[in-house]
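Engineer: Pasting in a structure now, in structure tokens, and then I'll have a few things to ask.
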Amino acid sequence: MDSNRDSKPWWMNAVVYQIYPRSFADSTGSGVGDLVGICERLEYLAWLGVDAIWLSPIFRSPMRDFGYDVSDFCDVDPIFGRLSDFDALLAAAHARDIRVILDWVPAHTSSDHPWFQEARRSRTSPRRDWYIWRDPGPDGALPNNWRAALPAGIPAWTLDEATGQFYLHSFLRDQPDLNWANPEVEEAMYAVLRFWLDRGVDGFRADVIHNIGKDPKLPDVEARLAPIPHGVLNDVPVTHEYLRRIRRLLDSYPGDRMMVGEVWLLAIEQIGPYFGKGDELHLSFNFPPLFAEWTAATWRECLEKTWALLDPLSAWPTWVLSNHDVVRQRTRYGSEARARAAAVMLLSLRGTAFLYMGEELGLEDAQVPEERVVDPGGRDGCRSPIPWRAEPPHGWGREPWLPWSPQAGARSVETQRGASDSILHLYRRLLAARRNSEALRLGTFEFVPAPDGLLVYRRRAGDDQRTVIVSFAGAPIAFDPGDSLRVELASDGVGEGDRFSGVVGPDQGLILR
């Protein structure tokens with residue numbers, strides 16, 4: 001691939017900022033975030049320098065899985081506001097050159113969705129085949145041995161007493177799987193995409209997209225493969241047919257509309273096929289880094305596998321360190337120094353970067369007491385609200401729906417925006433450095449030989465060149481990059497603007513030029 005920004009789709013250059021709407025900003029004093037709250041904070045996101053925002057689900061929902069159980073794909077849940085609030089947010093974001101990506105949930109609905117309510121009325125309902133039903137086995141046995149993800153380990157089948165058949169649900173009992181083998185389902189979901197595309201959204205994050213296809217035999221699997229994500233979330237050929245048709249729909253719209261897939265398969269060689277020949281997903285999340293230990297050897301292996309196993313002609317990599325489903329990177333890595341070095345790495349790798357809200361503040365997971373646990377998957381800690389102001393309730397009208405992360409006042413936007421040496425300002429400088437460097441956005445990537453404990457690589461686009469050094473060590477390490485280079489950016493601010501000293505500090509990230 002060449003390195004001409006103007007010839008590339010916007011999503012190849014982008015840094016995407018994920019917003020979990022319930023926890024971002026509350027404009028009404030309800031303790032739950034909303035769309036108007038997001039709109040009021042767009043100035044902050046523009047100041048930070050992100051290119052796009054991804055909104056976790058905002059659709060109508062009974063909220064048993066906090067929006068991933070959709071009861072109406074073409075309306076906004078009242079807890080977040082109205083459809084007109086979304087239109088206003090979209091227009092305001094676009095006015096600031098910020099793209100908007102919605103979270104699309106194609107593999108299942110809520111059991112409250114009118115489609116499922118009609119499907120379960122009788123075995124002869126016109127929408128019965130919109131979902132996946134099976135008769136009980138001998139003595140009422142389950143149709144197969146698949147297990148659901150939420151709550152972990154329960155059967156993926158629930159008996160509908162009224163009609164005497166089991167329905168399949170890869171997640172909660174309240175989230176029945178759609179039957180994409182029925183063309184009417186496929187067309188209905190295309191109508192959902194068109195509804196939002198016609199309003200002007202720039203793309204979608206597709207939830208567990210590889211689960212839309214099913215082996216029609218629904219066979220038993222090895223016991224160790226029965227639980228999600230390895231068994232029930234099918235990785236079957238028909239899914240790729242669906243994806244090619246979805247891609248054609250997206251490509252029929254102007255403006256480089258895109259889709260990034262949540263392909264929850266924890267091996268990069270399994271993710272590659274979901275790009276097809278450049279005719280399926282535009283992007284697919286690369287999840288192994290979410291579980292990578294903080295060592296140079298581990299990260300080098302992650303990077304090497306990505307370059308080796310993704311076809312450079314059809315696949316563009318993504319990089320993510322935190323999201324709404326996993327422990328925050330600041331908590332995983334154990335120190336702010338490491339979190340800062342990880343930020344340097346994330347925003348200097350070749351590919352599209354995704355930031356999770358609060359990552360730029362160095363937020364840790366909240367400690368959630370038992371009486372305040374609400375998520376069936378135990379993910380409340382990483383979904384703690386953004387503290388905007390130093391003083392409680394930190395810019396919210398009242399105590400929010402989840403507890404605060406540790407040191408909420410010191411980690412607030414107000415406090416960190418006022419301190420030039422804060423991690424927030426580091427992220428802002430990193431985003432500016434990336435935006436202003438063709439090498440960091442789209443340039444080639446090559447490893448540079450380095451001592452144990454260091455990860456060193458070079459990014460290059462024509463005459464624009466950067467050398468990135470990330471230390472995973474707890475002590476200083478001497479390193480000679482072979483050129484007389486200046487420190488453009490340091491994770492701790494040490495030495496910025498000076499000639500590189502030849503010593504990398506503990507858990508330090510550097511960009512040299």
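Residues in the structure tokens are named by chain (A, B, ... in the order shown) and by number from 1 within that chain; ligands are numbered from 1 in the order shown.
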Name all residues at most 10 Å from stretch 11-15 of chain A (count only C-alpha atoms; drop same-chain ones fewer than 3 positions away) and give them as a PyMOL selection string.

Structural biologist: chain A and resi 5-6+8+18+49-53+98-99+202-203+256-260+282-283+316-319+347+350-355+431+434-435+438+440-442

Engineer: Would you return as a short mmCIF file (atom, residue, chain, number, x, y, z; two decimals) with C-alpha atoms, in the first residue's frame the members of stretch 400-462 of chain A that DSSP assigns to strand (DSSP E) on this structure's backbone?

Structural biologist:
```cif
data_model
loop_
_atom_site.label_atom_id
_atom_site.label_comp_id
_atom_site.auth_asym_id
_atom_site.auth_seq_id
_atom_site.Cartn_x
_atom_site.Cartn_y
_atom_site.Cartn_z
CA THR A 444 5.68 1.20 6.41
CA PHE A 445 6.56 -0.71 9.57
CA GLU A 446 9.83 -2.46 10.33
CA PHE A 447 11.34 -3.80 13.54
CA LEU A 454 12.69 -2.90 24.45
CA LEU A 455 10.36 -2.94 21.46
CA VAL A 456 11.72 -0.71 18.70
CA TYR A 457 10.27 -0.11 15.26
CA ARG A 458 10.52 2.36 12.42
CA ARG A 459 7.67 3.99 10.52
CA ARG A 460 8.45 5.53 7.14
CA ALA A 461 6.60 7.32 4.34
#
```

Engineer: To one decimal place in Å, what is the distance between atom CA of A:Ile209 and atom CA of A:Ala93?

Structural biologist: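 Computing it gives 26.5 Å between the two atoms.
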
Engineer: Which residues come within 7 Å of A:Pro387, counting only C-alpha atoms, excluding same-chain residues fewer than 5 positions away, as a ChimeraX atom specification?

Structural biologist: /A:394-395,408,412-413

Engineer: Restrict the selected residues to N, CA, C and O atoms and save them as a PDB file, in the first residue's frame.

Structural biologist:
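What follows is the written file part.pdb:
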```pdb
ATOM      1  N   HIS A 394     -18.704  15.263  40.236  1.00  0.00           N
ATOM      2  CA  HIS A 394     -17.800  15.198  39.079  1.00  0.00           C
ATOM      3  C   HIS A 394     -18.464  15.559  37.748  1.00  0.00           C
ATOM      4  O   HIS A 394     -18.191  14.945  36.710  1.00  0.00           O
ATOM      5  N   GLY A 395     -19.326  16.573  37.797  1.00  0.00           N
ATOM      6  CA  GLY A 395     -19.946  17.048  36.568  1.00  0.00           C
ATOM      7  C   GLY A 395     -21.217  16.320  36.194  1.00  0.00           C
ATOM      8  O   GLY A 395     -21.781  16.588  35.127  1.00  0.00           O
ATOM      9  N   ALA A 408     -11.200   9.687  41.377  1.00  0.00           N
ATOM     10  CA  ALA A 408     -12.001  10.319  40.325  1.00  0.00           C
ATOM     11  C   ALA A 408     -11.703  11.810  40.200  1.00  0.00           C
ATOM     12  O   ALA A 408     -11.665  12.355  39.087  1.00  0.00           O
ATOM     13  N   SER A 412     -10.121  13.484  36.839  1.00  0.00           N
ATOM     14  CA  SER A 412     -11.176  14.183  36.104  1.00  0.00           C
ATOM     15  C   SER A 412     -10.608  14.949  34.921  1.00  0.00           C
ATOM     16  O   SER A 412      -9.423  15.307  34.882  1.00  0.00           O
ATOM     17  N   VAL A 413     -11.468  15.220  33.955  1.00  0.00           N
ATOM     18  CA  VAL A 413     -11.069  16.025  32.804  1.00  0.00           C
ATOM     19  C   VAL A 413     -10.621  17.410  33.265  1.00  0.00           C
ATOM     20  O   VAL A 413      -9.608  17.938  32.790  1.00  0.00           O
TER      21      VAL A 413
END
```

Engineer: Can you tell me, as JSON, numbers by chain, what residues are no more than 9 Å from stretch 415-417 of chain A when counting only C-alpha atoms, ignoring any on the same chain fewer than 6 positions away?

Structural biologist: {"A": [361, 388, 389, 390, 409, 423, 424, 425]}

Engineer: Please list as a CSV table (one decimal) with C-alpha atoms, in the first residue's frame every residue within 8 Å of stretch 214-219 of chain A, counting only C-alpha atoms and excluding residues in the same chain fewer than 5 positions away.

Structural biologist:
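Now in around.csv:
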```
chain,number,residue,atom,x,y,z
A,144,ASN,CA,-27.4,-29.8,21.5
A,234,ASN,CA,-20.0,-20.2,14.6
A,235,ASP,CA,-17.2,-19.7,12.2
A,236,VAL,CA,-19.0,-21.1,9.1
A,238,VAL,CA,-22.2,-18.9,4.9
A,239,THR,CA,-21.3,-16.0,7.1
```

Engineer: Between A:Gly397, A:Gly362, A:Pro273, A:Gly462, which has the minimum distance to A:Ala410 (counting only C-alpha atoms)?

Structural biologist: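 Nearest to A:Ala410: A:Gly362.
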
Engineer: Using only C-alpha atoms, can you tell me which of A:Gln367, A:Asn436, A:Gln175, A:Ser84 comes closest to A:Val36?

Structural biologist: A:Ser84

Engineer: When you look at A:Ser335 with a cut-off of 10 Å (counting only C-alpha atoms), what residues show up, excluding the ones that are within fewer than 4 positions of it in the same chain? I need them as a list in words.

Structural biologist: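 So the residues in contact are Gln329, Arg330, Thr331, Ala339, Arg340, Gly362, Glu364 and Asp507 of chain A.
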
Engineer: Export N, CA and C atoms of the chosen residues as a short mmCIF file (atom, residue, chain, number, x, y, z; two decimals), in the first residue's frame?

Structural biologist:
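So the final result, stored in out-v1.cif, reads:
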```
data_model
loop_
_atom_site.label_atom_id
_atom_site.label_comp_id
_atom_site.auth_asym_id
_atom_site.auth_seq_id
_atom_site.Cartn_x
_atom_site.Cartn_y
_atom_site.Cartn_z
N GLN A 329 -6.93 -1.07 30.39
CA GLN A 329 -5.51 -1.30 30.25
C GLN A 329 -4.73 -0.73 31.43
N ARG A 330 -5.17 0.39 32.01
CA ARG A 330 -4.47 0.96 33.17
C ARG A 330 -4.49 -0.01 34.34
N THR A 331 -5.60 -0.71 34.53
CA THR A 331 -5.69 -1.70 35.61
C THR A 331 -4.86 -2.93 35.28
N ALA A 339 0.84 2.55 31.40
CA ALA A 339 -0.30 3.01 30.60
C ALA A 339 0.14 4.09 29.62
N ARG A 340 1.04 4.96 30.03
CA ARG A 340 1.54 6.00 29.14
C ARG A 340 2.37 5.40 28.01
N GLY A 362 -6.37 7.83 32.05
CA GLY A 362 -5.71 6.83 32.89
C GLY A 362 -6.65 6.21 33.90
N GLU A 364 -8.80 3.66 35.98
CA GLU A 364 -8.77 2.25 36.34
C GLU A 364 -10.20 1.73 36.46
N ASP A 507 9.83 1.75 31.69
CA ASP A 507 8.45 1.86 31.19
C ASP A 507 8.22 3.17 30.46
#
```

Engineer: Among stretch 6-237 of chain A, which ones does DSSP place in helix (DSSP H, G or I), written as a ChimeraX atom specification?

Structural biologist: /A:6-7,10-13,21-23,35-40,42-48,83-95,114-119,128-130,138-140,183-199,209-211,223-225,237
